[in-house]
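*Asks:* Let me begin by handing over the structure; questions about it come next.
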Number of protein chains: 2
Amino acid sequence: MPLLVMKFGGTSVADLDRIRNAAAKVKREVERGYDVIVIVSAMSGKTNELVGWVEQTGTFFDAREYDAVVSSGENVTAGLMALTLQEMDVPARSWQGWQVPIHTTAQHSAARFVDIPRKNLDQKFGEGFKVAVVAGFQGLAPDNRITTLGRGGSDTTAVAFAAAFQAERCDIYTDVDGIYTTDPRITSKARKLDKIAFEEMLELASLGAKVLQTRSVELAMRNRVRLRVLSSFEDTDETSGTLVCDEDEIMESKVVNGVAYSREEAKITLVTVEDRPGISAAIFAPLAEAGVNVDMIVQNISEKDYDDHPGSVTDMTFSVPVAQVERAKKAMEEARQSGAISYDELVVDTEVAKVSVVGIGMRSHAGVAARMFKALADENINIKVISTSEIKISVLIDRKYMELAVQALHDAFELHKA
Amino acid sequence: MPLLVMKFGGTSVADLDRIRNAAAKVKREVERGYDVIVIVSAMSGKTNELVGWVEQTGTFFDAREYDAVVSSGENVTAGLMALTLQEMDVPARSWQGWQVPIHTTAQHSAARFVDIPRKNLDQKFGEGFKVAVVAGFQGLAPDNRITTLGRGGSDTTAVAFAAAFQAERCDIYTDVDGIYTTDPRITSKARKLDKIAFEEMLELASLGAKVLQTRSVELAMRNRVRLRVLSSFEDTDETSGTLVCDEDEIMESKVVNGVAYSREEAKITLVTVEDRPGISAAIFAPLAEAGVNVDMIVQNISEKDYDDHPGSVTDMTFSVPVAQVERAKKAMEEARQSGAISYDELVVDTEVAKVSVVGIGMRSHAGVAARMFKALADENINIKVISTSEIKISVLIDRKYMELAVQALHDAFELHKA
């Protein structure tokens, strides 16, 4: 029997009407001949309510208890979804993580999958159950305590089940109808993509397109799980949404497939850093220890020579989320006081944003960077930092130009055209 | 290490402040040298919310899914209580039913305890944990699915743990400060009892004093678990509340210790029933099958002789909850149509209430009934049905006299005096 995994996020199961709507989509796939594993999130708002209560208990809380409390939201939805399916004459039952059992590591609140044995679910499918409704976002640690996977873990649960059960596809139902060339709120020319390669989706996800969690895309890519992103709130069929798949499945790709952005960036420059082997490690190790997510890094290979800096010196620039600026400053000042690093000044610019173009076609096409830089120059947008990978080019610019830059790049690469 | 079981109901854990208040009571017992098993209910209102959702899914729902959904409320409280205790430097952890594991029968939504193995909790107590916070009301069926015990199951969970772990006592914290001689809302002369015998408590619980579930008192009596009922909302010490215990622990008991009432009663009379062997079974079997809870039964041993009833005939009177009158009428009419029973008329009086006096001292004291009937007669209250057991006398009266009857009986047996 072919098998599908269908995942419904919090807004898709926010109340009983929406659960019924989602269940109708599941029933349709059963009628098409599939066995279905449904992965559900908590009803929207419920996880926040539970997290709020845990946070009220104290500042430093036991992650094992956090997990025990917070995982209950998904259990509720799983039961309600199974009941709703039964009411529609679809043989279904709910599964909590420990019942499957979904074996994870013991890293509470950030657990990783170890194994999802097929035995129990396969047995029920064999007995005539058509649907297994599994509570997402949770698992079981080796010591028999409940774990959670961290926020967005339900997407990852869906992909992990699709991999374990060799599903034909993993359909992620959400509140948008697919992956767009860019954020439609920024330009009405944004166009829904029929297909996108895993690598492109990864770059788009981590660059700020929040439809799919990076981790779930990584897991899908590693296990070659075909992901489809589609809307819970529209009539959908086999061609709806966007398919995230291996690039081999995409016949002809444009050079650039998407423009992503990240608004709340900050640029930090350490002025006049001693330029010696090991200096990068000396700077970034304390930042990593402080939990600062450093993104772009640029070292100006200068040969400044000041009276008080007899050796060669350089400036080091990096970007961090705005929310982590204070933490980054503290880590740098402590490193300076300890003598691990030296710098004359730490300059912070919290008014920057990141804009990126992404496309697997870049690998075989030159001139993408030049075209990008020209489009920005034509709008008089100054580029502050540049960073490139095989399939993306990112720039830091003044935040006030962010929307303008996205629109200009979307036009320059003609992303409105299919 | 001596061990206590402490149970907190829904209003006692309704929010984080109340959970902190409850945790402080637990901490005090730990400081006195006890290991503690805490049994928690869902935060008040949560179970109703969950039940409401389940009921919205359809009329005939799968009790297994109902249990999976509804049990989540207790899991949330258990985690929050463990976190709150940790914050107070009390080594605690939460336990869901399946983790203990609490083995029950497979009767979903009305499961019964089979076994509570001590191994897992004992091991944690051995490792230095002082408190095990256990989610009440739930258990694990033989097929690894979650069960619930039915409403009020958290009291029963507490007693079952107290029995399994040979607890010194099982303290039931609730929103009243003990068991009273009668409902203080009916007479301000109602007096809190220091001690009450299991048998008396059983009669009071089933007669309408809603502090403790009948089932939990039965279980306590069978296992000789000393129960203490006391308030979550007051400062309490070892002498607070009411101890429900074996009658051997009660030095001297009054003849009557309580006056109970039940407001929503109905009296049904089958007029001119054929008086033959087996007629009672023929009447009450269909009522039982229809799920009607018949309470008092009176058969008037009459020798009516009508032309159309050549044999001996009688009238049969019984009481049922008002809410079950329609169901009872339907069952009787069907039985008549099938020819299983015959009667001329079915008379319903939905305006009655039951008032009872209870006391183990009755066993050795004559004249209690006479004293009761005189007290009612003095108030011109007509008795419609009488029923007696070894330690209680119950009467059905017009509902409008119920409060008056309770007050008169409380005075007549001098229950305001210690």
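Here's how to read the names in the structure tokens: chain A, B, ... by the order shown, residue numbers from 1 in each chain, ligand numbers from 1 in the order shown.
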I need the residues of stretch 341-416 of chain B that end up classed as strand (DSSP E or B) by DSSP on the backbone, written out as a PDB file with C-alpha atoms, in the first residue's frame.
*Replies:*
```
ATOM      1  CA  GLU B 345     -50.300   3.490  35.810  1.00  0.00           C
ATOM      2  CA  LEU B 346     -46.820   4.969  36.209  1.00  0.00           C
ATOM      3  CA  VAL B 347     -46.854   7.959  38.568  1.00  0.00           C
ATOM      4  CA  VAL B 348     -43.836  10.284  38.702  1.00  0.00           C
ATOM      5  CA  ASP B 349     -43.104  12.800  41.418  1.00  0.00           C
ATOM      6  CA  THR B 350     -40.050  14.902  40.472  1.00  0.00           C
ATOM      7  CA  GLU B 351     -40.397  17.256  43.438  1.00  0.00           C
ATOM      8  CA  VAL B 352     -38.802  15.126  46.125  1.00  0.00           C
ATOM      9  CA  ALA B 353     -35.502  15.109  47.980  1.00  0.00           C
ATOM     10  CA  LYS B 354     -33.730  12.600  50.154  1.00  0.00           C
ATOM     11  CA  VAL B 355     -32.524  13.349  53.660  1.00  0.00           C
ATOM     12  CA  SER B 356     -30.488  10.862  55.680  1.00  0.00           C
ATOM     13  CA  VAL B 357     -28.942  10.543  59.098  1.00  0.00           C
ATOM     14  CA  VAL B 358     -25.725   8.544  59.348  1.00  0.00           C
ATOM     15  CA  VAL B 385     -40.506   6.658  51.452  1.00  0.00           C
ATOM     16  CA  ILE B 386     -38.251   5.230  54.161  1.00  0.00           C
ATOM     17  CA  SER B 387     -35.144   3.162  53.666  1.00  0.00           C
ATOM     18  CA  THR B 388     -32.676   1.979  56.281  1.00  0.00           C
ATOM     19  CA  LYS B 392     -28.182   5.163  58.122  1.00  0.00           C
ATOM     20  CA  ILE B 393     -31.841   6.047  57.803  1.00  0.00           C
ATOM     21  CA  SER B 394     -33.028   7.829  54.676  1.00  0.00           C
ATOM     22  CA  VAL B 395     -36.380   9.396  53.897  1.00  0.00           C
ATOM     23  CA  LEU B 396     -37.868  10.904  50.758  1.00  0.00           C
ATOM     24  CA  ILE B 397     -39.792  14.119  51.408  1.00  0.00           C
ATOM     25  CA  ASP B 398     -41.163  17.036  49.417  1.00  0.00           C
TER      26      ASP B 398
END
```
*Asks:* Could you give me the residues within stretch 180-371 of chain A that DSSP places in helix (DSSP H, G or I), as an MDAnalysis selection string?
*Replies:* chainID A and resid 198:206 214:223 247:249 279:289 322:337 360:364 368:371
*Asks:* Would you save the residues from that selection as an mmCIF file, in the first residue's frame, using C-alpha atoms?
*Replies:*
```cif
data_model
loop_
_atom_site.group_PDB
_atom_site.id
_atom_site.type_symbol
_atom_site.label_atom_id
_atom_site.label_comp_id
_atom_site.auth_asym_id
_atom_site.auth_seq_id
_atom_site.Cartn_x
_atom_site.Cartn_y
_atom_site.Cartn_z
ATOM 1 C CA PHE A 198 16.407 20.956 -1.459
ATOM 2 C CA GLU A 199 19.573 23.055 -1.516
ATOM 3 C CA GLU A 200 17.694 26.142 -2.606
ATOM 4 C CA MET A 201 15.020 25.582 0.014
ATOM 5 C CA LEU A 202 17.709 25.215 2.661
ATOM 6 C CA GLU A 203 19.201 28.562 1.738
ATOM 7 C CA LEU A 204 15.786 30.185 1.611
ATOM 8 C CA ALA A 205 14.742 28.671 4.942
ATOM 9 C CA SER A 206 17.865 29.749 6.765
ATOM 10 C CA THR A 214 15.880 24.344 8.092
ATOM 11 C CA ARG A 215 16.298 21.157 10.053
ATOM 12 C CA SER A 216 13.361 19.437 8.363
ATOM 13 C CA VAL A 217 14.694 20.365 4.910
ATOM 14 C CA GLU A 218 18.126 19.015 5.808
ATOM 15 C CA LEU A 219 16.594 15.761 6.983
ATOM 16 C CA ALA A 220 14.480 15.540 3.821
ATOM 17 C CA MET A 221 17.504 16.152 1.617
ATOM 18 C CA ARG A 222 19.610 13.571 3.418
ATOM 19 C CA ASN A 223 16.844 10.967 3.130
ATOM 20 C CA GLU A 247 17.405 18.852 -8.255
ATOM 21 C CA ASP A 248 17.352 15.893 -10.667
ATOM 22 C CA GLU A 249 13.547 16.136 -10.612
ATOM 23 C CA ILE A 279 43.070 35.532 15.575
ATOM 24 C CA SER A 280 39.774 34.381 13.976
ATOM 25 C CA ALA A 281 39.509 31.516 16.396
ATOM 26 C CA ALA A 282 40.322 33.849 19.278
ATOM 27 C CA ILE A 283 37.427 36.104 18.254
ATOM 28 C CA PHE A 284 34.767 33.605 17.271
ATOM 29 C CA ALA A 285 35.276 30.967 19.950
ATOM 30 C CA PRO A 286 34.052 33.283 22.753
ATOM 31 C CA LEU A 287 31.106 34.347 20.572
ATOM 32 C CA ALA A 288 30.124 30.723 20.010
ATOM 33 C CA GLU A 289 30.451 29.997 23.719
ATOM 34 C CA VAL A 322 20.077 42.385 16.464
ATOM 35 C CA ALA A 323 18.801 40.625 19.572
ATOM 36 C CA GLN A 324 22.275 39.178 20.238
ATOM 37 C CA VAL A 325 24.298 42.404 19.944
ATOM 38 C CA GLU A 326 24.641 42.984 23.675
ATOM 39 C CA ARG A 327 25.718 39.418 24.250
ATOM 40 C CA ALA A 328 28.291 39.694 21.456
ATOM 41 C CA LYS A 329 29.685 42.965 22.865
ATOM 42 C CA LYS A 330 30.004 41.452 26.314
ATOM 43 C CA ALA A 331 31.823 38.395 24.943
ATOM 44 C CA MET A 332 34.262 40.595 22.986
ATOM 45 C CA GLU A 333 34.965 42.922 25.909
ATOM 46 C CA GLU A 334 35.660 39.972 28.188
ATOM 47 C CA ALA A 335 37.984 38.445 25.596
ATOM 48 C CA ARG A 336 39.819 41.753 25.346
ATOM 49 C CA GLN A 337 40.124 42.082 29.111
ATOM 50 C CA ILE A 360 21.183 26.110 -8.082
ATOM 51 C CA GLY A 361 21.634 27.471 -11.632
ATOM 52 C CA MET A 362 24.393 29.722 -10.301
ATOM 53 C CA ARG A 363 26.736 26.789 -10.242
ATOM 54 C CA SER A 364 26.872 26.771 -14.032
ATOM 55 C CA VAL A 368 25.158 36.463 -11.211
ATOM 56 C CA ALA A 369 27.053 38.560 -8.669
ATOM 57 C CA ALA A 370 27.750 41.296 -11.220
ATOM 58 C CA ARG A 371 24.081 41.398 -12.195
#
```
*Asks:* Could I get the residues of chain B with an atom no further than 9 Å from an atom of chain A, each paired with its nearest atom pair and that distance in Å to one decimal, using only C-alpha atoms, sorted by chain and residue number, as CSV?
*Replies:*
```
residue,atom,partner,partner_atom,distance
B:Asp15,CA,A:Trp53,CA,8.6
B:Leu16,CA,A:Gln56,CA,7.1
B:Arg20,CA,A:Thr57,CA,8.4
B:Leu50,CA,A:Val76,CA,7.9
B:Trp53,CA,A:Leu16,CA,7.2
B:Val54,CA,A:Leu80,CA,6.3
B:Gln56,CA,A:Leu16,CA,7.2
B:Thr57,CA,A:Thr84,CA,5.4
B:Gly58,CA,A:Glu87,CA,6.3
B:Thr59,CA,A:Glu87,CA,8.7
B:Phe60,CA,A:Glu87,CA,8.1
B:Phe61,CA,A:Leu83,CA,6.5
B:Asp62,CA,A:Leu83,CA,6.7
B:Arg64,CA,A:Gly79,CA,8.8
B:Glu65,CA,A:Gly79,CA,5.1
B:Tyr66,CA,A:Gly79,CA,7.1
B:Asp67,CA,A:Gly79,CA,8.6
B:Ala68,CA,A:Gly79,CA,6.1
B:Val69,CA,A:Val76,CA,4.7
B:Val70,CA,A:Val76,CA,7.6
B:Ser71,CA,A:Val76,CA,9.0
B:Ser72,CA,A:Ser72,CA,5.7
B:Gly73,CA,A:Ser72,CA,8.0
B:Asn75,CA,A:Val69,CA,6.5
B:Val76,CA,A:Val69,CA,4.7
B:Thr77,CA,A:Val69,CA,7.7
B:Ala78,CA,A:Val69,CA,7.9
B:Gly79,CA,A:Glu65,CA,5.1
B:Leu80,CA,A:Val54,CA,6.3
B:Met81,CA,A:Thr57,CA,8.6
B:Ala82,CA,A:Glu65,CA,7.2
B:Leu83,CA,A:Thr57,CA,6.3
B:Thr84,CA,A:Thr57,CA,5.4
B:Gln86,CA,A:Phe61,CA,8.2
B:Glu87,CA,A:Gly58,CA,6.4
B:Arg93,CA,A:Glu65,CA,7.4
B:Ser94,CA,A:Glu65,CA,7.0
B:Trp95,CA,A:Arg145,CA,8.9
B:Gln96,CA,A:Ala68,CA,8.6
B:Gln99,CA,A:Asn144,CA,7.1
B:Asn144,CA,A:Gln99,CA,7.1
B:Arg145,CA,A:Gln99,CA,7.7
```
*Asks:* If you count only C-alpha atoms, which residues fall within 10 Å of A:Lys417, apart from same-chain ones fewer than 6 positions away, as an MDAnalysis selection string?
*Replies:* chainID A and resid 189:191 254 411
